[in-house]
Structures are given as structure tokens and as C-alpha cells.
Amino acid sequence: MEIANSKAPGELLNWDDIKKMNANSTQKNSEFFFEPHKFDPSRFEGSGPVPYTYVPFGGGPRMCPGKEYARLEILVFMHNLVKRFKWEKVIPGEKIVFDPMPNLEKGLPICLFPHKA
Ligand code: HEM
């Protein structure tokens, strides 16, 4: 409604308006997330954020049915990655692009260094 109210009668949507509709960064709202740009996984501990302030899997009756499977797969992948390798980014400061979901511009190439057995 904020976007609609900012338009003159008959004025069409433009690309800037569309970009404002990307609902993929609700966790950056400082009203609900203290220092939202700080990497702080512990903010999700305990009772976590207020419901519907962070919605990576949507919410309500059409919420993602793959949620628990996706979480399981990511956690097992991270466990094995961290256990076996150290890594370095090939492109430090690689940009994030929105198309419309956020992605690393070049797909986050990394160099893997196996831990010594
Ligand atoms: C990190 C991984 C994933 C993310 C971030 C994600 C995110 C989402 C989001 C935001 C929605 C829309 C929910 C809504 O409208 O409220 C959705 C829907 C859906 N997702 Fe996922 N998803 C993931 C993985 C998966 C997996 C692994 C599956 C299947 C094995 C899956 C199957 C679906 C289906 C079928 C819907 C449509 C549900 C409906 O419209 O009733 N997703 N997902």
C-alpha cells in the first residue's frame, strides 16, 4: 500500500517499485532484529524472533513443506564441510545480486583445504 500511495493516479509500476517488494530481507528490520547486519546466529536461540518477522520458508497454510528436509540437508552438509575442510573465498567481497532471490554474483567460488587426517 505504501508503494501504491506513492504513485500518481495512472502511474505504472517501475523497477524501483518492484525491488521494494522483495520480501527476502525481513530479518534486516532493526525494529525486530538488534544490529541486523551483524553475523550473530545466537539471535535465533531460545524463543527466537517474533513470529512472522523472519520468513525464509513462508508462513501460514502455504508454508514450505520442504522446510525440515531443507534444514536437515543444509545442517548435514555444513557439518561435513566444516569437519573436513578449511576454505578461502576466491573473490573476496563478492557482490550479492537479487534475481529475485539473493545470490552471490559468481556463485561463491572457494578453494578447499582438507584438514590433515
Ligand atoms: C532452503 C531451501 C528452501 C527454501 C528457502 C524454501 C522456501 C519456500 C518458500 C518461501 C515458499 C513459499 C511459502 C509461502 O507461500 O508461505 C515455499 C513453498 C514451497 N516449497 Fe520450499 N523452500 C526450500 C526447500 C524446499 C524443498 C527441499 C522442497 C521439497 C522437497 C520444497 C517444496 C516446496 C513446495 C511444494 C512449496 C509450495 C507450497 C504451497 O504452495 O502450498 N521447498 N518454499
# chains A, B, ... in the order shown; residues from 1 in each chain; ligands from 1
call {"tool": "residues_around", "arguments": {"residues": "A:Thr53", "least_positions_apart": "2", "cutoff": "10 Å", "atoms": "only C-alpha atoms", "output": "PyMOL selection string"}}
result
chain A and resi 25-29+31-33+49-51+55-56
call {"tool": "write_last_selection", "arguments": {"atoms": "N, CA, C and O atoms", "output": "short mmCIF file (atom, residue, chain, number, x, y, z; two decimals), in the first residue's frame"}}
result
data_model
loop_
_atom_site.label_atom_id
_atom_site.label_comp_id
_atom_site.auth_asym_id
_atom_site.auth_seq_id
_atom_site.Cartn_x
_atom_site.Cartn_y
_atom_site.Cartn_z
N SER A 25 14.34 -10.02 2.88
CA SER A 25 15.29 -9.50 3.87
C SER A 25 14.55 -8.94 5.07
O SER A 25 14.95 -7.92 5.63
N THR A 26 13.47 -9.63 5.47
CA THR A 26 12.70 -9.15 6.62
C THR A 26 13.57 -9.15 7.89
O THR A 26 13.29 -8.40 8.82
N GLN A 27 14.62 -9.99 7.88
CA GLN A 27 15.48 -10.07 9.08
C GLN A 27 16.39 -8.85 9.19
O GLN A 27 17.17 -8.76 10.14
N LYS A 28 16.31 -7.92 8.24
CA LYS A 28 17.14 -6.71 8.33
C LYS A 28 16.38 -5.54 8.96
O LYS A 28 16.87 -4.43 8.99
N ASN A 29 15.16 -5.82 9.42
CA ASN A 29 14.36 -4.76 10.03
C ASN A 29 14.83 -4.55 11.48
O ASN A 29 14.61 -5.40 12.34
N GLU A 31 13.74 -2.84 13.74
CA GLU A 31 12.67 -2.78 14.73
C GLU A 31 12.55 -4.11 15.48
O GLU A 31 12.17 -4.16 16.64
N PHE A 32 12.89 -5.20 14.79
CA PHE A 32 12.76 -6.53 15.39
C PHE A 32 14.09 -7.24 15.60
O PHE A 32 14.16 -8.19 16.38
N PHE A 33 15.14 -6.84 14.86
CA PHE A 33 16.42 -7.53 14.96
C PHE A 33 17.51 -6.55 15.38
O PHE A 33 17.83 -5.61 14.64
N PRO A 49 13.13 -15.13 17.04
CA PRO A 49 12.45 -13.89 16.67
C PRO A 49 10.93 -13.98 16.83
O PRO A 49 10.38 -15.07 16.87
N VAL A 50 10.32 -12.82 16.89
CA VAL A 50 8.85 -12.75 16.96
C VAL A 50 8.28 -13.43 15.71
O VAL A 50 8.81 -13.24 14.61
N PRO A 51 7.22 -14.24 15.86
CA PRO A 51 6.66 -14.93 14.68
C PRO A 51 6.37 -13.96 13.52
O PRO A 51 5.95 -12.83 13.74
N VAL A 55 10.91 -14.98 7.67
CA VAL A 55 10.05 -15.95 6.99
C VAL A 55 10.73 -16.61 5.79
O VAL A 55 10.22 -16.56 4.68
N PRO A 56 11.91 -17.23 6.00
CA PRO A 56 12.60 -17.82 4.85
C PRO A 56 11.79 -18.94 4.19
O PRO A 56 11.98 -19.21 3.01
#
call {"tool": "select_by_dssp", "arguments": {"residues": "chain A", "states": "helix (DSSP H, G or I)", "output": "PyMOL selection string"}}
result
chain A and resi 2-5+15-20+26-28+41-44+60-62+67-84
call {"tool": "residues_near_ligand", "arguments": {"ligand": "ligand 1", "cutoff": "6 Å", "atoms": "only C-alpha atoms and all ligand atoms", "output": "CSV table (one decimal) with N, CA, C and O atoms, in the first residue's frame"}}
result
chain,number,residue,atom,x,y,z
A,56,PRO,N,11.9,-17.2,6.0
A,56,PRO,CA,12.6,-17.8,4.9
A,56,PRO,C,11.8,-18.9,4.2
A,56,PRO,O,12.0,-19.2,3.0
A,57,PHE,N,10.9,-19.6,4.9
A,57,PHE,CA,10.1,-20.7,4.4
A,57,PHE,C,8.6,-20.3,4.2
A,57,PHE,O,7.8,-21.1,4.1
A,58,GLY,N,8.4,-19.0,4.2
A,58,GLY,CA,7.0,-18.5,4.2
A,58,GLY,C,6.3,-18.7,5.5
A,58,GLY,O,6.9,-18.9,6.5
A,59,GLY,N,5.0,-18.7,5.5
A,59,GLY,CA,4.2,-18.8,6.7
A,59,GLY,C,2.8,-19.1,6.4
A,59,GLY,O,2.3,-18.9,5.3
A,60,GLY,N,2.0,-19.6,7.4
A,60,GLY,CA,0.6,-19.8,7.2
A,60,GLY,C,0.4,-21.1,6.4
A,60,GLY,O,1.2,-22.0,6.3
A,62,ARG,N,0.3,-22.1,3.4
A,62,ARG,CA,1.1,-22.4,2.2
A,62,ARG,C,2.6,-22.5,2.5
A,62,ARG,O,3.4,-22.4,1.6
A,63,MET,N,2.9,-22.6,3.8
A,63,MET,CA,4.3,-22.6,4.2
A,63,MET,C,5.0,-23.8,3.6
A,63,MET,O,4.4,-24.8,3.3
A,64,CYS,N,6.3,-23.6,3.3
A,64,CYS,CA,7.1,-24.6,2.5
A,64,CYS,C,7.0,-26.0,3.2
A,64,CYS,O,7.5,-26.1,4.3
A,65,PRO,N,6.6,-27.0,2.5
A,65,PRO,CA,6.5,-28.3,3.1
A,65,PRO,C,7.9,-29.0,3.1
A,65,PRO,O,8.1,-30.0,3.7
A,66,GLY,N,8.9,-28.4,2.4
A,66,GLY,CA,10.2,-29.0,2.4
A,66,GLY,C,11.1,-28.4,3.5
A,66,GLY,O,12.3,-28.7,3.5
A,67,LYS,N,10.6,-27.6,4.4
A,67,LYS,CA,11.3,-26.9,5.4
A,67,LYS,C,12.3,-27.8,6.2
A,67,LYS,O,13.5,-27.6,6.2
A,69,TYR,N,13.2,-30.9,5.6
A,69,TYR,CA,14.1,-31.6,4.8
A,69,TYR,C,15.3,-30.7,4.4
A,69,TYR,O,16.4,-31.1,4.4
A,70,ALA,N,14.9,-29.4,4.0
A,70,ALA,CA,16.0,-28.5,3.6
A,70,ALA,C,16.9,-28.2,4.8
A,70,ALA,O,18.1,-28.1,4.6
call {"tool": "residues_around", "arguments": {"residues": "stretch 73-89 of chain A", "least_positions_apart": "6", "cutoff": "8 Å", "atoms": "only C-alpha atoms", "output": "ChimeraX atom specification"}}
result
/A:108-115
call {"tool": "write_last_selection", "arguments": {"atoms": "C-alpha atoms", "output": "PDB file, in the first residue's frame"}}
result
ATOM      1  CA  LEU A 108      30.785 -18.107  -4.383  1.00  0.00           C
ATOM      2  CA  PRO A 109      33.818 -19.979  -5.759  1.00  0.00           C
ATOM      3  CA  ILE A 110      36.059 -21.186  -2.930  1.00  0.00           C
ATOM      4  CA  CYS A 111      39.385 -23.017  -2.514  1.00  0.00           C
ATOM      5  CA  LEU A 112      39.113 -26.035  -0.235  1.00  0.00           C
ATOM      6  CA  PHE A 113      41.983 -27.106   2.015  1.00  0.00           C
ATOM      7  CA  PRO A 114      41.444 -30.578   3.554  1.00  0.00           C
ATOM      8  CA  HIS A 115      42.263 -30.844   7.257  1.00  0.00           C
TER       9      HIS A 115
END
call {"tool": "select_by_dssp", "arguments": {"residues": "chain A", "states": "strand (DSSP E or B)", "output": "PyMOL selection string"}}
result
chain A and resi 85-89+96-98+102-104+110-114
call {"tool": "decode", "arguments": {"residues": "stretch 70-110 of chain A", "atoms": "C-alpha atoms", "output": "JSON list (two decimals), in the first residue's frame"}}
result
[["chain", "number", "residue", "atom", "x", "y", "z"],
["A", 70, "ALA", "CA", 15.96, -28.47, 3.60],
["A", 71, "ARG", "CA", 17.17, -27.75, 7.16],
["A", 72, "LEU", "CA", 18.37, -31.34, 7.57],
["A", 73, "GLU", "CA", 20.25, -31.30, 4.26],
["A", 74, "ILE", "CA", 21.92, -27.95, 4.96],
["A", 75, "LEU", "CA", 22.94, -28.95, 8.51],
["A", 76, "VAL", "CA", 24.44, -32.29, 7.37],
["A", 77, "PHE", "CA", 26.25, -30.53, 4.52],
["A", 78, "MET", "CA", 27.67, -27.84, 6.85],
["A", 79, "HIS", "CA", 28.69, -30.46, 9.43],
["A", 80, "ASN", "CA", 30.71, -32.38, 6.85],
["A", 81, "LEU", "CA", 32.16, -29.28, 5.21],
["A", 82, "VAL", "CA", 33.39, -27.77, 8.49],
["A", 83, "LYS", "CA", 34.68, -31.13, 9.75],
["A", 84, "ARG", "CA", 36.75, -31.87, 6.65],
["A", 85, "PHE", "CA", 37.88, -28.56, 5.17],
["A", 86, "LYS", "CA", 39.07, -25.06, 5.68],
["A", 87, "TRP", "CA", 38.27, -22.72, 2.80],
["A", 88, "GLU", "CA", 39.06, -19.35, 1.31],
["A", 89, "LYS", "CA", 36.90, -17.24, -0.94],
["A", 90, "VAL", "CA", 38.28, -16.88, -4.48],
["A", 91, "ILE", "CA", 36.60, -13.47, -4.84],
["A", 92, "PRO", "CA", 36.79, -11.51, -1.56],
["A", 93, "GLY", "CA", 33.86, -9.11, -1.23],
["A", 94, "GLU", "CA", 31.86, -10.84, -4.00],
["A", 95, "LYS", "CA", 28.63, -8.94, -4.62],
["A", 96, "ILE", "CA", 25.15, -10.23, -3.77],
["A", 97, "VAL", "CA", 22.67, -9.91, -6.66],
["A", 98, "PHE", "CA", 18.88, -10.22, -6.44],
["A", 99, "ASP", "CA", 17.16, -12.16, -9.24],
["A", 100, "PRO", "CA", 14.77, -12.00, -7.34],
["A", 101, "MET", "CA", 16.28, -14.14, -4.57],
["A", 102, "PRO", "CA", 19.68, -13.11, -3.19],
["A", 103, "ASN", "CA", 22.63, -14.96, -4.74],
["A", 104, "LEU", "CA", 26.38, -14.45, -4.88],
["A", 105, "GLU", "CA", 27.21, -12.89, -8.25],
["A", 106, "LYS", "CA", 29.70, -15.60, -9.34],
["A", 107, "GLY", "CA", 28.28, -18.44, -7.27],
["A", 108, "LEU", "CA", 30.78, -18.11, -4.38],
["A", 109, "PRO", "CA", 33.82, -19.98, -5.76],
["A", 110, "ILE", "CA", 36.06, -21.19, -2.93]]
